[in-house]
Structures are given as structure tokens and as C-alpha cells.
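Single-structure report; data block below.
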Amino acid sequence: MKNIRMKNVNPLNNIEVEINMDIPVVEGRGLYKVYEDVEAVCGINFSIRKGEIFGFLGPNGAGKTTTVKMIYCASPRTSGVLNVKGLDVDKEPRKVKGIIGVVPQENNLDPDFTVYENLIVFSRYFDIPRKVAEVRANELIRFMNLEEKKDVKVDGLSGGMKRRLIIARALINNPEILILDEPTTGLDPQARHMIWERIRNLKTQGTTVILTTHYMEEAEYLCDRVVVMDKGKILVEGSPRELIQKYVKKEVIEVSDNSGKLRKKIESLISSEPEFSNIEVDSFAERVLLYTDDADALFKFLSGKVSLHETLKETLIRRSTLEDVFLKLTGRRLRE
Amino acid sequence: MSENEEKEKNLQSKNNSENNKITEVKKDKKKENKMGFISTLFSVPVVSRRAWKVWHRNADVFMKTYKTNFIPPFIEPILYLAGLGFGLGGFVSEIDGLSYAVFLAPALIAISVMNTASGENTYASYVRMSFQKTFDAIIATPVSIEDVIAGEMLWGATKSLINATIMLVVIGAFGLLLSPLAILIIPLSMFVGLVFASISMCFTALVPNIDSFNYYFFLFVTPMFIFSGTFFPISSMPKVVQQIAFFLPLTPAVTTMRALATGNVSIDLVFSLLYLLILLVFFFVFAINLMKRRLII
């Protein structure tokens, strides 16, 4: 299995890339991060392949950021193995950091400088010659659509522009691996889609992308493979499509329920029908969710029941998403 | 049924072994913390030439507003000399055979060196570290945390040097430098600046928030400003105060700068420099190690 050409790695994004299946770009084995009173990461295993977009998903406090911080050498591991391109991150941090670009969760652009200066100053930390850096900075400003703001100080940028600049900055050293820690949190849809498009563009150029996100839509759209983490452990691993197939039914019927009795009612109705024996029922706030492989048949059946006529007026039938998987695995309880 | 039980048992033992591992790791951590602090404090930091990249960043910011940055060191000595040197000096006949203005002038440079490096490596460094997250951004590149802290301190010392040089020119213009040796105050100010930069950086590594710097300035910087032989000779104070003043880092700074400005050079100069060197080595190492302990968790 060497350098096979994989088609439809992710059926949602038809990007063809060569993926070398043998050598993981980033590999973690039995990885622990224990603070004095918290176990942030508890013995996780993962391996990220060259050229893929790999997502760490999970609720707040799951250990996603801690994991990526260990990868980019900002936080030393407590125990376990963590290699980037075969280099131990704790032993060769300078080499590892030299081939990585980092978009941190919190913006840490330099407010004393303009957009262009931010890129030039950052290029010096990588020992990039001035002439090369100038060309690269201008390219990146164009790539992230920041031409008009080139000579504006960081304080004069909107949230979306700051995020675009921080991505441009992460690319200044032409990284083999780009780490994005919640790249689109708090952005409007236009900015988000622009960033998504750029990330996919980078993938076609062969960059390996590691992403953490709360947005399942983002993970589903971008990631070839994801892991879902909770409380420092990896719960599941796979492509978004695989996870949806494995953990939830194809479709969902969402019925709004003000009475709080609908779930029981539906459950008793379908319990007598063998045809619907494998339907999964879930309820949350004022909604009942019915996971099924054949939503039409179920909806037809329920519509036939006179007692449900009124209730079914506000019904949504949709395809299952990664978010359904996520909520099923990590629960609907609030985390903080 | 029995199969299920077995599964559960397996799961439980798996959980148990995992929990054991975590407690083990935690125990190790606690052991480390108990005996680790001293060895952390004294470990030898590895600083690379990349520290100058951090210095360069700060210099770039400084040069963006150089016009306003050059005004204070120009005005400050004029104010002090006008008010204290020539005003108060009228009531003082002579100190150690020097006119009061000549006695005071080199001390003003030493004070400025202390204040400049202290301000830069407390408030300014703290803002970069804590609010702007500049350190976090830099350590995601091949530049290490040791390089960042060393670069910050080198920059604090450089600012001291810049201010001292401007002050030296102003004071020279007033005719208050009696010896050509005064030119050596320029390199000395970088050295003394680095001492105060290191002490300040240690404090920055330990403070819980930016308001805590008030303690540093009121309890450390201000007493030095007054009692280090700056405005009056140490020998004119009570014995106890003299003994304390002798060890204040500003005292050897004032002594050496005054010796160079007046040309009264003696063997004492060597001891003062040696004391400053010892302070520098220890606090420079402490600053880097304490910062590493604060930022790399």
C-alpha cells in the first residue's frame, strides 16, 4: 500500500491527493498530559497521514488544544510517544517547529505592527532571508485577500481579517504541517467559507492540516478523518461519513414537543411495529429526534395516527450529520 | 450473562490500570515539585543567537516612535540638574571635593539606567507576555522561550544604553563630566542595564497580575533611588542604613559611573564591577528559569 491514489477520501470534498499510507506525519502513542489537579490527556493514540486534513473534535475541556499544543512543542508531554516526521517533539523542538505553521485559538498578532510588518517580523523567527520573506508576505496577503489592509495596524482589522492574517502568518515558513486550533470560531459565514476554501486549497498543495473545532459542519466539510475526544480520551476515530454510518441512522425526523409527553407516545406507537424496531429515539429540550434509515416510511406511519396530526405540523426531516454522532457520543449535558 | 460479566470485569480492570497509571504520573509530578524548584532555578539555560530576533522585534517597535522615545532622556537630566543640581546645590558647599552638580550628574545616569530597564522588563514585558501573547506567538517558531526571555532582557539593557548615551551628552554639555573616562559609561550602562533587566524579569515571572509591579517599584526601586549614594553620600547615613545600602544593586552602579565621570578611579571600581557581575549571572539565569516555569506548562 504505497502511494496509492485515493479518490473520494471524503465524499463531501472531491479532492484527489496522493496519500502515502505508510509514514504517519504525526504519531502519538500512549500520550498523557497530567497537570497537578487535572488529567488533560489520558493515554491517547493517533496517527496523522501526510496530506490529509485531520480533525480533533470534542466539547470544551476534552483535551483537543492540549493535544495540538504538545504537537507544536508549546507544552511538554507527561508521558508517551509523540513524533512529528519521526522527530521526537521534546528532543528536536526547533526542527519540528520549523516545519509547522500554527494558528492558535487566541489571536496573538503583534498589535504594534501593520499587516505586512507582522508577516515580515514573523519571517525572521524562521531565519527566512528578507528578500524571500517580502515576496512570500505579498503572496500571502493576496492569498488571504488582505491587499487593502496591507499597511493597516492590527487593531484596525475586523475579527475575520485578523483570523485571515493569522493564517497567512502561519504559512510564512511554507509549513508541511498546518495546525489550526478553532480557526473559524466567532466568524461570519462569509469569512468562514473563505477560510474553508483556503484550507482545502492548501490541502491540494500537499499540506497536512490538523484542525480542532466545535463546529461539526466544519469538520464534515473539511476533514478526511476525525477523532472525537472527551475527558482526555479518544472515543472514536474515522472519516465523518464512516462515523455517521456507524453511529447514527441515515436520517432524522425532528418533532417539536411542548408537552414533554411526545417521546413516550411515539415510543409506544412504534414499539408494536416490527418494521420500526431499529429506530432510535432521543429527546432534547422541546424536541424529539427519531433516527431512522427510512424517514419517509416512518413519517407516513406517524402521519397516519390521528393523535399526532397537530404535533407533526412542525416537523423537520433531514440527513444525519456529524453533529448527531457527536451529541450521541458526548451527551447533551452542558459542559461548563 | 457470564460473557457480559466478563466483559465488565475486563473493562473495570482496564479502567483500574489506567487510573493507576494516572496516579503514578501524578505522584511523580508531586515529587518533582518538592525537590524540583531549586534545581529548576539553578539549571543552566541554553540561549541561542535567535534571542537577537526578539531584540530586533522590540527595536523595530521602538524605532516606530523614536521621536517621542528620545525626549524623556533628553529632558530628565535637565530637570534634575536645574532643580537639584543648581537649585539645591546652592546650599551644599562640596561633597567629597566635588560640586553638588558634578556629584549628582553621574548618579542621574545610573538612576535612568535602573528605571529604563526596570520599566521595560516589568510593565512592557508583562504586556507583551500576558495581554498581547507575543511570547506565545514567538515560541511556536524555532525561537525558544529561553531565547525570548534573553532577547527581552537584552532589549531592556539596550534601552538603558540608549537613554544613558543621550543623558551623557546632555550632562557633558553642562560641563559636568571631568574625565574622558566618562565615555566608558556607555558600555557600562548596557551592563548595569542588564543587571536591572534580569532582576525585573524575575519579578515579572512571579507576579500574579500587572498591579503587583507597584510593590516592586515602591519597595525596591524607590528606596534604591534615594539610598544608593545618589543624592548624598552613603557615609552620611546611620550605620545600619549604610550596611543595607552597600548591597543595593544601584550602589555599585552609582559608584562606578561617578568614578568614571570624575576620573577618581580606584581598586573599589573592580569590586563594584565584580559584585554587579555576580548579580547579573544569578538573576539572568533565574529570570529565564522562572519564566520558563511560568510559561511552559
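Residues in the C-alpha cells are named by chain (A, B, ... in the order shown) and by number from 1 within that chain; ligands are numbered from 1 in the order shown.
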Show which residues sit within 9 Å of Phe191 (chain B), as a VMD selection string. Count only C-alpha atoms, and ignore same-chain residues fewer than 2 positions away. chain B and resid 157 161 187 to 189 193 to 195 276 to 277 280
Using only C-alpha atoms, which residues of chain B come within 7 Å of chain A, and what is the closest atom pair for each, with the distance in Å to one decimal? Give it as JSON lines, sorted by chain and residue number.
```
{"residue": "B:Lys26", "atom": "CA", "partner": "A:Glu36", "partner_atom": "CA", "distance": 6.6}
{"residue": "B:Lys53", "atom": "CA", "partner": "A:Tyr125", "partner_atom": "CA", "distance": 6.4}
{"residue": "B:Arg57", "atom": "CA", "partner": "A:Val121", "partner_atom": "CA", "distance": 6.6}
{"residue": "B:Val61", "atom": "CA", "partner": "A:Asp112", "partner_atom": "CA", "distance": 6.4}
{"residue": "B:Gln132", "atom": "CA", "partner": "A:Asn108", "partner_atom": "CA", "distance": 6.0}
{"residue": "B:Lys133", "atom": "CA", "partner": "A:Asn108", "partner_atom": "CA", "distance": 5.2}
{"residue": "B:Thr134", "atom": "CA", "partner": "A:Asn108", "partner_atom": "CA", "distance": 6.1}
{"residue": "B:Ala137", "atom": "CA", "partner": "A:Asn108", "partner_atom": "CA", "distance": 6.0}
{"residue": "B:Ala140", "atom": "CA", "partner": "A:Lys97", "partner_atom": "CA", "distance": 6.3}
{"residue": "B:Thr141", "atom": "CA", "partner": "A:Lys97", "partner_atom": "CA", "distance": 5.3}
{"residue": "B:Pro142", "atom": "CA", "partner": "A:Arg94", "partner_atom": "CA", "distance": 4.4}
{"residue": "B:Val143", "atom": "CA", "partner": "A:Tyr125", "partner_atom": "CA", "distance": 6.2}
{"residue": "B:Ile296", "atom": "CA", "partner": "A:Ser75", "partner_atom": "CA", "distance": 5.9}
{"residue": "B:Ile297", "atom": "CA", "partner": "A:Ser75", "partner_atom": "CA", "distance": 5.7}
```
If you run DSSP on this backbone, which residues of region 100-318 of chain A come out as strand (DSSP E or B), and could you give them as number ranges by chain? A: 100-103, 114, 153, 177-181, 208-213, 225-230, 233-238, 251-256, 280-284, 287-292, 315-318
To one decimal place in Å, what is the distance between CA of Gly97 (chain B) and CA of Leu260 (chain B)? 15.5 Å
Near-Asp211 (chain B) list (12 Å; only C-alpha atoms; drop same-chain fewer than 5 positions) as a PDB file with C-alpha atoms, in the first residue's frame:
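Heads up, here's the output in around.pdb:
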```pdb
ATOM      1  CA  THR B 122       8.242  44.723  34.147  1.00  0.00           C
ATOM      2  CA  TYR B 123       5.260  46.550  32.655  1.00  0.00           C
ATOM      3  CA  TYR B 126       4.288  41.787  31.082  1.00  0.00           C
ATOM      4  CA  VAL B 127       2.007  43.396  28.500  1.00  0.00           C
ATOM      5  CA  THR B 204       7.725  39.634  36.142  1.00  0.00           C
ATOM      6  CA  TYR B 216       8.500  46.247  43.032  1.00  0.00           C
ATOM      7  CA  PHE B 217       8.756  49.959  42.440  1.00  0.00           C
ATOM      8  CA  PHE B 218       7.802  51.152  45.929  1.00  0.00           C
TER       9      PHE B 218
END
```
Non-local contacts of region 175-190 of chain A (9 Å; only C-alpha atoms; under 2 positions in same chain excluded) as a ChimeraX atom specification: /A:25,50-51,64-65,68,71-72,98-106,159-160,163,167,170-173,192-196,206-215,218
Can you pull out every residue from region 30-91 of chain A that DSSP, working from the backbone, puts in alpha helix (DSSP H), and format the result as a VMD selection string? chain A and resid 64 to 71
Point out the residue among B:Ile71, B:Ile166, B:Ile288, B:Ile38 with the least atom-to-atom distance to Phe203 (chain B), counting only C-alpha atoms.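 Comparing B:Ile71, B:Ile166, B:Ile288, B:Ile38 against Phe203 (chain B), the winner is B:Ile288.
Neighbours of region 245-258 of chain B closer than or equal to 6 Å, with only C-alpha atoms counted and sequence neighbours fewer than 3 positions away skipped, come out as B:Pro106, B:Ala107, B:Ala110, B:Ser228, B:Val241, B:Gln242, B:Ala261, B:Leu269, B:Ser272.
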Neighbour list for Met153 (chain B) as an mmCIF file with C-alpha atoms, in the first residue's frame, cut-off 8 Å, only C-alpha atoms, skip fewer than 3 positions in-chain:
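And here is the file that came out, out_32.cif:
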```cif
data_model
loop_
_atom_site.group_PDB
_atom_site.id
_atom_site.type_symbol
_atom_site.label_atom_id
_atom_site.label_comp_id
_atom_site.auth_asym_id
_atom_site.auth_seq_id
_atom_site.Cartn_x
_atom_site.Cartn_y
_atom_site.Cartn_z
ATOM 1 C CA ALA B 117 15.421 48.530 32.270
ATOM 2 C CA ASN B 121 11.140 44.335 31.724
ATOM 3 C CA ILE B 149 13.404 35.998 27.650
ATOM 4 C CA ALA B 150 17.071 36.635 26.908
ATOM 5 C CA GLY B 156 15.780 46.340 28.243
ATOM 6 C CA ALA B 157 19.531 46.805 28.631
ATOM 7 C CA LEU B 194 21.225 44.004 32.006
ATOM 8 C CA ALA B 197 16.623 43.882 33.385
ATOM 9 C CA SER B 198 17.343 40.459 34.935
ATOM 10 C CA MET B 201 12.341 39.888 34.716
#
```
Could you name the residues that touch region 271-286 of chain A at 9 Å or less, counting only C-alpha atoms, but leaving out those on the same chain fewer than 5 positions away, as a list in words?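 Residues near the query, excluding close chain neighbours: Val248, Lys249, Val255, Ser256, Asp257, Asn258, Ser259, Gly260, Arg263, Ile266, Tyr291, Thr292, Asp293, Leu298 and Arg332 of chain A.
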Could you state the separation of CA of Ala164 (chain B) and CA of Met114 (chain B) in Å, given to one decimal place?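 Between CA of Ala164 (chain B) and CA of Met114 (chain B) the gap works out to 10.2 Å.
Between CA of Thr230 (chain B) and CA of Ala105 (chain B) lies a distance of 9.1 Å.
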